[in-house]
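final20.cif (mmCIF, C-alpha atoms)
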```cif
data_final
#
loop_
_atom_site.label_atom_id
_atom_site.label_comp_id
_atom_site.auth_asym_id
_atom_site.auth_seq_id
_atom_site.Cartn_x
_atom_site.Cartn_y
_atom_site.Cartn_z
CA MET A 1 98.66 86.44 123.05
CA ALA A 2 98.28 83.61 120.61
CA ASN A 3 97.89 84.30 116.93
CA THR A 4 94.30 83.57 115.90
CA GLY A 5 95.19 83.18 112.24
CA ARG A 6 92.97 86.10 111.15
CA LYS A 7 94.46 89.10 109.41
CA GLN A 8 94.82 92.17 111.60
CA LEU A 9 95.30 95.67 110.26
CA ASP A 10 98.60 97.14 111.39
CA LEU A 11 97.36 100.69 111.91
CA ARG A 12 99.93 101.26 114.67
CA ALA A 13 102.53 101.53 111.93
CA LEU A 14 101.02 104.87 110.90
CA ARG A 15 102.33 106.42 114.15
CA ASP A 16 105.87 106.11 112.82
CA ARG A 17 107.42 109.32 111.47
CA ARG A 18 108.67 107.37 108.47
CA ALA A 19 105.07 106.57 107.59
CA ALA A 20 104.16 110.26 107.65
CA ALA A 21 107.00 111.09 105.25
CA ILE A 22 106.00 108.33 102.83
CA LEU A 23 102.32 109.30 102.93
CA VAL A 24 103.20 112.92 102.08
CA VAL A 25 105.18 111.73 99.08
CA VAL A 26 102.33 109.44 97.99
CA ALA A 27 99.83 112.30 98.25
CA LEU A 28 102.05 114.54 96.08
CA GLY A 29 102.62 111.76 93.57
CA VAL A 30 98.95 110.88 93.25
CA ALA A 31 98.13 114.58 92.78
CA THR A 32 100.33 114.98 89.67
CA PRO A 33 97.49 114.38 87.15
CA LEU A 34 95.44 117.08 88.86
CA VAL A 35 98.42 119.44 88.82
CA ALA A 36 98.96 118.77 85.13
CA ARG A 37 95.32 119.52 84.37
CA LEU A 38 95.22 122.72 86.42
CA THR A 39 98.39 124.05 84.78
CA PHE A 40 97.28 123.05 81.27
CA PRO A 41 96.94 126.64 79.99
CA TYR A 42 100.55 127.38 80.95
CA TRP A 43 102.20 124.54 79.01
CA VAL A 44 99.81 123.89 76.14
CA GLY A 45 101.63 126.46 74.03
CA ALA A 46 105.06 124.91 74.56
CA SER A 47 106.92 122.96 71.89
CA ALA A 48 106.07 119.32 71.31
CA LEU A 49 109.38 118.20 72.85
CA ALA A 50 108.77 120.32 75.96
CA GLN A 51 105.31 118.82 76.34
CA VAL A 52 106.70 115.29 76.00
CA ARG A 53 109.31 116.08 78.65
CA LEU A 54 106.67 117.41 80.99
CA LEU A 55 104.33 114.43 80.55
CA ILE A 56 107.15 111.90 81.01
CA ARG A 57 108.29 113.53 84.24
CA LEU A 58 104.77 113.87 85.62
CA GLY A 59 103.94 110.29 84.61
CA GLY A 60 107.11 109.02 86.29
CA LEU A 61 106.27 110.90 89.46
CA PHE A 62 102.71 109.56 89.42
CA VAL A 63 103.99 105.99 89.24
CA LEU A 64 107.13 106.12 91.39
CA ALA A 65 106.01 108.68 93.99
CA GLY A 66 102.31 107.87 94.00
CA ALA A 67 100.93 104.58 92.70
CA TYR A 68 103.85 102.24 93.37
CA PRO A 69 104.53 103.40 96.97
CA ALA A 70 100.75 103.39 97.61
CA VAL A 71 100.68 99.66 96.85
CA LEU A 72 103.62 99.11 99.21
CA VAL A 73 101.83 101.08 101.94
CA LEU A 74 98.68 98.96 101.49
CA VAL A 75 100.76 95.80 101.87
CA ARG A 76 102.53 97.25 104.93
CA LEU A 77 99.20 97.98 106.61
CA SER A 78 97.85 94.49 105.73
CA LEU A 79 95.09 95.99 103.61
CA THR A 80 95.81 93.68 100.68
CA ASP A 81 97.01 90.11 100.16
CA VAL A 82 100.25 89.36 98.35
CA SER A 83 102.55 86.38 98.56
CA VAL A 84 106.04 86.57 100.04
CA TYR A 85 107.58 86.36 96.57
CA GLN A 86 105.33 89.13 95.21
CA HIS A 87 106.10 91.38 98.18
CA ARG A 88 109.81 90.76 97.83
CA ALA A 89 109.66 91.48 94.09
CA LEU A 90 107.80 94.76 94.69
CA LEU A 91 110.45 95.95 97.14
CA ARG A 92 113.36 94.87 94.95
CA LEU A 93 112.05 96.38 91.71
CA TYR A 94 111.18 99.77 93.17
CA PRO A 95 114.82 100.96 93.59
CA VAL A 96 115.57 99.78 90.04
CA PHE A 97 112.71 101.80 88.57
CA CYS A 98 113.72 104.82 90.68
CA ASN A 99 117.30 104.64 89.42
CA VAL A 100 116.14 104.51 85.80
CA PHE A 101 113.86 107.49 86.39
CA GLN A 102 116.68 109.47 88.03
CA VAL A 103 118.87 108.84 85.00
CA LEU A 104 116.12 110.10 82.70
CA VAL A 105 115.65 113.19 84.88
CA ALA A 106 119.40 113.87 84.75
CA LEU A 107 119.41 113.59 80.94
CA ASP A 108 116.37 115.85 80.85
CA GLY A 109 118.22 118.46 82.87
CA PHE A 110 121.19 118.20 80.52
CA LEU A 111 118.98 118.88 77.49
CA LEU A 112 117.28 121.76 79.31
CA VAL A 113 120.61 123.48 79.94
CA VAL A 114 122.11 122.78 76.52
CA TRP A 115 119.14 123.80 74.36
CA PRO A 116 116.52 125.64 76.42
CA GLU A 117 114.92 127.24 73.34
CA ARG A 118 113.91 123.81 72.08
CA PHE A 119 113.20 121.84 75.29
CA ALA A 120 112.20 124.38 77.97
CA LEU A 121 108.66 125.17 79.08
CA PRO A 122 107.33 128.70 78.64
CA VAL A 123 107.71 129.28 82.42
CA PHE A 124 111.32 128.52 83.37
CA TRP A 125 110.72 128.37 87.14
CA ALA A 126 108.16 125.61 86.57
CA ASP A 127 110.84 123.58 84.81
CA LEU A 128 113.20 124.04 87.74
CA LEU A 129 110.54 123.17 90.31
CA LEU A 130 109.56 120.02 88.43
CA ALA A 131 113.21 118.99 88.18
CA PHE A 132 113.73 119.34 91.94
CA VAL A 133 110.53 117.42 92.68
CA GLY A 134 111.49 114.65 90.27
CA VAL A 135 114.90 114.30 91.88
CA GLY A 136 113.72 114.58 95.49
CA LEU A 137 110.49 112.61 95.96
CA PRO A 138 111.45 108.99 95.07
CA PRO A 139 114.60 109.04 97.30
CA VAL A 140 112.40 109.94 100.28
CA VAL A 141 110.57 106.64 99.84
CA LEU A 142 113.85 104.76 99.36
CA HIS A 143 115.27 106.34 102.51
CA HIS A 144 112.38 104.92 104.55
CA GLN A 145 112.04 101.55 102.84
CA THR A 146 112.76 99.73 106.12
CA TRP A 147 109.30 100.88 107.23
CA LEU A 148 107.80 99.35 104.09
CA ALA A 149 109.51 96.08 105.03
CA GLY A 150 108.00 96.20 108.53
CA PHE A 151 111.19 96.84 110.50
CA ASP A 152 111.38 99.38 113.33
CA PRO A 153 114.92 99.66 114.75
CA HIS A 154 113.85 101.78 117.72
CA GLU A 155 111.19 99.29 118.78
CA VAL A 156 113.63 96.38 118.50
CA LEU A 157 116.28 98.19 120.54
CA SER A 158 113.68 99.06 123.18
CA ALA A 159 113.61 95.37 124.13
CA ARG A 160 117.25 95.59 125.23
CA ARG A 161 116.57 98.68 127.34
CA ALA A 162 113.55 97.00 128.91
CA LEU A 163 115.66 93.96 129.82
CA GLU A 164 118.34 96.16 131.38
CA GLU A 165 115.75 98.01 133.45
CA ALA A 166 114.19 94.73 134.60
CA GLY A 167 117.37 93.78 136.45
CA PRO A 168 118.82 90.27 136.76
CA LEU A 169 116.52 87.51 135.58
CA PRO A 170 116.34 83.97 136.96
CA SER A 171 118.57 81.60 135.03
CA THR A 172 116.91 79.72 132.23
CA ARG A 173 118.08 76.37 131.02
CA THR A 174 117.26 76.93 127.36
CA PRO A 175 117.26 80.68 126.53
CA LEU A 176 117.08 79.97 122.80
CA ASP A 177 115.00 77.51 120.83
CA THR A 178 115.06 76.22 117.27
CA LEU A 179 113.06 79.17 115.90
CA ASP A 180 115.57 81.59 117.41
CA TYR A 181 118.31 79.58 115.73
CA ARG A 182 116.50 79.84 112.37
CA VAL A 183 116.20 83.61 112.78
CA LEU A 184 119.95 83.84 113.41
CA GLN A 185 120.53 81.78 110.28
CA LEU A 186 118.20 84.08 108.37
CA VAL A 187 120.13 87.19 109.43
CA ALA A 188 123.44 85.54 108.54
CA GLN A 189 122.20 84.47 105.10
CA SER A 190 120.59 87.82 104.30
CA GLY A 191 123.81 89.79 104.66
CA SER A 192 122.14 92.23 107.09
CA ASP A 193 119.53 93.16 104.44
CA VAL A 194 116.51 94.11 106.55
CA SER A 195 114.05 93.53 103.69
CA ALA A 196 115.36 90.00 103.13
CA VAL A 197 115.03 89.29 106.86
CA MET A 198 111.52 90.67 107.31
CA ILE A 199 110.12 89.23 104.07
CA ASN A 200 111.47 85.71 104.04
CA ASP A 201 110.49 82.26 102.80
CA MET A 202 111.43 80.40 105.99
CA ALA A 203 107.80 80.01 107.12
CA ILE A 204 108.22 82.43 110.04
CA GLY A 205 105.28 84.79 110.43
CA ALA A 206 105.84 88.54 110.71
CA ARG A 207 104.52 88.69 114.28
CA ASP A 208 106.66 85.79 115.51
CA LEU A 209 109.67 87.13 113.63
CA ASN A 210 109.41 90.51 115.35
CA LEU A 211 109.12 88.84 118.75
CA ARG A 212 112.21 86.72 118.04
CA LEU A 213 114.17 89.77 116.88
CA HIS A 214 113.23 91.61 120.09
CA LYS A 215 114.41 88.64 122.12
CA LEU A 216 117.69 88.12 120.25
CA VAL A 217 118.60 91.81 120.39
CA ALA A 218 117.74 92.01 124.10
CA LEU A 219 119.88 88.96 124.90
CA GLY A 220 122.82 90.24 122.84
CA TYR A 221 122.78 87.75 119.95
CA LEU A 222 121.85 90.45 117.40
CA ASP A 223 122.51 94.15 117.18
CA VAL A 224 120.95 97.04 115.23
CA VAL A 225 123.33 99.48 113.56
CA ASP A 226 122.60 102.51 111.40
CA GLU A 227 125.48 102.91 108.98
CA GLN A 228 125.96 103.50 105.27
CA HIS A 229 122.98 101.41 104.19
CA GLY A 230 120.55 102.56 106.86
CA PRO A 231 119.29 100.43 109.77
CA GLN A 232 120.74 96.91 109.61
CA LEU A 233 120.59 93.75 111.69
CA THR A 234 124.03 92.36 112.49
CA LEU A 235 125.27 89.29 114.32
CA THR A 236 127.23 89.72 117.53
CA ALA A 237 130.01 87.39 118.65
CA SER A 238 127.49 85.42 120.72
CA GLY A 239 125.22 85.05 117.70
CA THR A 240 128.08 83.85 115.50
CA ASP A 241 129.18 81.36 118.15
CA THR A 242 125.62 80.06 118.45
CA LEU A 243 125.48 79.28 114.73
CA THR A 244 128.39 76.86 115.13
CA LEU A 245 126.22 74.64 117.35
CA PRO A 246 124.01 71.87 115.94
CA VAL A 247 120.40 73.03 115.79
CA SER A 248 119.28 69.92 117.65
CA LEU A 249 121.05 71.21 120.78
CA PHE A 250 118.28 73.72 121.30
CA THR A 251 115.75 70.98 121.94
CA TRP A 252 117.83 69.45 124.76
CA GLN A 253 117.67 70.38 128.40
CA THR A 254 121.24 70.83 129.58
CA ASN A 255 123.39 73.35 131.41
CA ASP A 256 126.61 71.52 130.55
CA LEU A 257 128.62 74.16 128.71
CA GLU A 258 131.59 71.84 128.16
CA LEU A 259 129.33 69.31 126.46
CA LEU A 260 127.98 72.02 124.15
CA GLN A 261 131.53 73.15 123.45
CA GLU A 262 132.61 69.63 122.47
CA LEU A 263 129.64 69.24 120.15
CA ALA A 264 130.37 72.63 118.61
CA SER A 265 134.01 71.62 118.11
CA ALA A 266 132.88 68.45 116.36
CA ARG A 267 130.53 70.43 114.12
CA LEU A 268 133.30 72.84 113.12
CA GLY A 269 135.68 69.97 112.45
CA LEU A 270 133.09 68.38 110.20
CA GLU A 271 132.60 71.61 108.23
CA GLU A 272 136.38 72.08 107.96
CA ARG A 273 136.78 68.45 106.78
CA GLN A 274 139.13 67.52 109.62
CA PRO A 275 138.05 63.96 110.48
CA HIS A 276 140.53 63.48 113.34
CA LYS A 277 139.25 66.61 115.07
CA VAL A 278 135.70 65.28 114.75
CA VAL A 279 136.69 61.92 116.24
CA VAL A 280 138.40 63.48 119.26
CA ALA A 281 135.52 65.87 119.98
CA CYS A 282 132.84 63.19 119.59
CA ALA A 283 134.70 60.77 121.85
CA ARG A 284 135.07 63.43 124.55
CA CYS A 285 131.40 64.26 124.27
CA CYS A 286 130.31 60.64 124.73
CA GLU A 287 132.77 60.13 127.57
CA ARG A 288 131.38 63.17 129.34
CA LEU A 289 127.82 61.91 128.96
CA LEU A 290 128.72 58.50 130.37
CA ARG A 291 130.70 59.96 133.27
CA GLY A 292 127.63 62.02 134.11
CA LEU A 293 125.51 58.86 134.25
CA LEU A 294 128.04 57.12 136.50
CA SER A 295 128.33 60.07 138.88
CA ALA A 296 124.52 60.29 139.15
CA HIS A 297 124.23 56.63 140.12
CA GLU A 298 123.52 55.76 143.75
CA PRO A 299 126.08 55.10 145.10
CA PRO A 300 128.27 57.08 142.67
CA VAL A 301 130.68 55.01 140.58
CA THR A 302 134.19 56.35 141.22
CA SER A 303 136.36 53.73 139.50
CA VAL A 304 136.15 51.66 136.34
CA GLY A 305 138.42 48.64 135.92
CA GLY A 306 140.82 49.86 138.59
CA LYS A 307 141.00 53.34 137.09
CA GLU A 308 139.42 56.57 138.16
CA VAL A 309 136.31 57.41 136.16
CA GLY A 310 137.98 60.54 134.84
CA ARG A 311 140.79 58.45 133.26
CA ALA A 312 138.68 55.62 131.81
CA THR A 313 138.44 55.14 128.06
CA LEU A 314 135.21 55.26 126.10
CA GLY A 315 135.01 51.48 125.86
CA GLU A 316 135.53 51.08 129.62
CA LEU A 317 132.87 53.68 130.36
CA VAL A 318 130.39 51.91 128.07
CA GLY A 319 131.10 48.65 129.87
CA ALA A 320 130.64 50.24 133.31
CA CYS A 321 127.32 51.82 132.30
CA ARG A 322 126.18 48.49 130.88
CA GLN A 323 127.18 46.73 134.09
CA HIS A 324 125.20 49.18 136.25
CA ARG A 325 122.28 49.11 133.79
CA LEU A 326 122.47 52.84 133.18
CA ILE A 327 122.04 52.53 129.42
CA GLY A 328 119.62 50.48 127.41
CA ARG A 329 120.33 48.22 124.48
CA PHE A 330 119.74 51.03 122.00
CA GLU A 331 122.33 53.35 123.56
CA ASP A 332 124.70 50.42 124.15
CA ASN A 333 124.68 49.44 120.47
CA ILE A 334 125.22 53.01 119.28
CA LEU A 335 128.03 53.70 121.73
CA SER A 336 129.73 50.42 120.84
CA ALA A 337 129.53 51.25 117.14
CA LEU A 338 130.87 54.72 117.89
CA ASN A 339 133.77 53.25 119.86
CA GLU A 340 134.65 50.94 116.97
CA ARG A 341 134.70 53.87 114.59
CA ARG A 342 136.85 55.79 117.03
CA LYS A 343 139.48 53.06 117.02
CA LYS A 344 140.11 53.70 113.32
CA ILE A 345 141.95 56.88 114.25
CA HIS A 346 144.87 54.57 115.10
CA ALA A 347 144.78 52.66 111.82
CA LEU A 348 147.23 49.83 111.31
CA GLN A 349 149.49 49.62 108.29
CA ASP A 350 147.02 47.72 106.08
CA GLU A 351 143.87 49.50 107.29
CA ARG A 352 142.19 52.43 105.61
CA PRO A 353 142.61 55.58 107.73
CA ILE A 354 139.59 57.48 108.97
CA ASP A 355 138.09 59.80 106.36
CA ASP A 356 135.28 62.34 105.96
CA GLN A 357 132.63 59.64 105.67
CA ASP A 358 133.72 58.06 108.94
CA ALA A 359 133.73 61.49 110.59
CA PHE A 360 130.18 62.16 109.39
CA ILE A 361 128.97 58.79 110.70
CA LEU A 362 130.71 59.39 114.02
CA TYR A 363 129.18 62.84 114.38
CA THR A 364 125.71 61.51 113.55
CA LEU A 365 126.02 58.70 116.10
CA THR A 366 127.16 61.22 118.71
CA GLU A 367 124.09 63.41 118.14
CA ILE A 368 121.80 60.37 118.33
CA THR A 369 123.46 59.26 121.55
CA ALA A 370 123.33 62.67 123.21
CA ARG A 371 119.72 63.16 122.18
CA ALA A 372 118.70 59.72 123.48
CA LEU A 373 120.42 60.19 126.84
CA MET A 374 119.26 63.79 127.39
CA ALA A 375 115.68 62.96 126.46
CA GLN A 376 115.44 60.71 129.52
CA PRO A 377 113.79 62.08 132.68
CA ALA A 378 116.16 63.49 135.26
CA THR A 379 115.66 60.46 137.50
CA ALA A 380 116.16 57.91 134.79
CA SER A 381 119.94 58.08 135.01
CA MET A 382 119.88 57.44 138.74
CA GLN A 383 118.05 54.14 138.66
CA PRO A 384 118.88 50.89 136.91
CA ARG A 385 116.36 50.12 134.21
CA ASP A 386 115.42 47.11 132.11
CA ASP A 387 115.48 46.99 128.34
#
```
If you took the structure in this file and wrote it as structure tokens, what would it be?
Amino acid sequence: MANTGRKQLDLRALRDRRAAAILVVVALGVATPLVARLTFPYWVGASALAQVRLLIRLGGLFVLAGAYPAVLVLVRLSLTDVSVYQHRALLRLYPVFCNVFQVLVALDGFLLVVWPERFALPVFWADLLLAFVGVGLPPVVLHHQTWLAGFDPHEVLSARRALEEAGPLPSTRTPLDTLDYRVLQLVAQSGSDVSAVMINDMAIGARDLNLRLHKLVALGYLDVVDEQHGPQLTLTASGTDTLTLPVSLFTWQTNDLELLQELASARLGLEERQPHKVVVACARCCERLLRGLLSAHEPPVTSVGGKEVGRATLGELVGACRQHRLIGRFEDNILSALNERRKKIHALQDERPIDDQDAFILYTLTEITARALMAQPATASMQPRDD
């Protein structure tokens, strides 16, 4: 169903057991002022230091177990409007405040044990109970912070089980698109931090992001693991391999795995600053594209200049495609320029050898060429055409 652009309350999230745990903590935290007032007669006679201790602990619980998580719950249920940066800041600051509060509670316990006559409340069991509550409530919220970020590992993994139960699917020419590629990039850049994935600044809506995560986990590009840091999104080998491909590949309609492999090899060579590797991969890619055009011609072209098509050079293939009018002037000019750049790999004594700049130009020309040829209709490569 298409997104209408109107905000929709996410009340389904309340069915999650993590939501129930967080709401219990919020209820206890919000109730601390009432508890303090009802127990006033029991601690009003304590020393000034004991009263300060009590009020600091109750105030910390009210903020960190009540008010602060309540705001995060409102944001999670779409009951309030905050920007991505505000939401991210709220989630990042909460663990910091909790850690500071835990340190203060630990110091408070130290003072209580060392000098109870000066710091303890008149009722010792109340001191112990408050200490346990102060130590235990905020970590419950931290333990379920993936729910606050809008991530449900069980729901995401259910997509994989549903795909397995559906049986074999008909082959698809383009299983991934550019948005899927961006989500893979997002997971790689986030370091498996679920909060950074779910609350991102890549202009991917929460609904679309969840759908993409379901798809990528079901197809085996992502995985969900529950280890030391809780539920995490991790890249699989297929996901890592996909990130080596140029993003523009996902807008092309091709089943040619060898072509994709050559383009990926060129991309890796460019990132590794190996210009000769880029030249070889780009030349093979263009040769494969041109051989495909020649084989699709009616009748198929089997020889070029007395050679078999499979043994022809890039320049000979360009000439044969030009002769049979399989490429237009635009593609002809680009391929000719690419062939000239390729020749620099065999630089003469007085010529400058190929460098990173040449490799970048060659790679760019290859992408332009592949995109121009693959954007043609399927029948375009079978018929001669005019410029």
* Once the PyMOL selection byres ((chain A and resi 55-64) around 9) has been applied to the shown file, what residues remain in the selection, as a ChimeraX atom specification? -> /A:26,28-33,36,50-54,65-69,94,97-98,101,104-105,130-131,133-134,137-138
* What does the PyMOL selection byres ((chain A and resi 262) around 10) select in this file, as number ranges by chain? -> A: 245, 257-261, 263-268, 278, 280-286, 288
* To do: Would you mind listing what lies within 9 Å of Gln145 in chain A as a ChimeraX atom specification, with only C-alpha atoms counted and same-chain residues fewer than 5 positions away left out?
  => /A:18,91,140,150,195
* Which is closer to Tyr221 in chain A than all the others in A:Pro175, A:Gly269, A:Pro246, A:Gly292, using only C-alpha atoms? ->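 For Tyr221 in chain A, the nearest of the given residues is A:Pro175.
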* To do: Tell me, in Å to one decimal, how far CA of Ala19 in chain A is from CA of Gly230 in chain A.
  => 16.0 Å
* Go through A:Thr366, A:Ile22, A:Gly310, A:Glu272 one by one, measure the shortest atom-to-atom distance of each to Trp147 in chain A using all atoms listed in the file, and give the residue with the smallest value. => A:Ile22
* **Which residue of A:Val135, A:Ala237, A:Ala370, A:Leu49 approaches Leu112 in chain A most closely, using all atoms listed in the file** => A:Leu49
* **Selection result of the PyMOL selection byres ((chain A and resi 360) around 12) on this file, as a VMD selection string** => chain A and resid 266 to 279 282 338 341 to 342 354 to 359 361 to 367
* **Which of A:Val194, A:Leu179, A:Ala21, A:Leu293 sits closest to Val318 in chain A [using only C-alpha atoms]** =>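 Closest candidate: A:Leu293.
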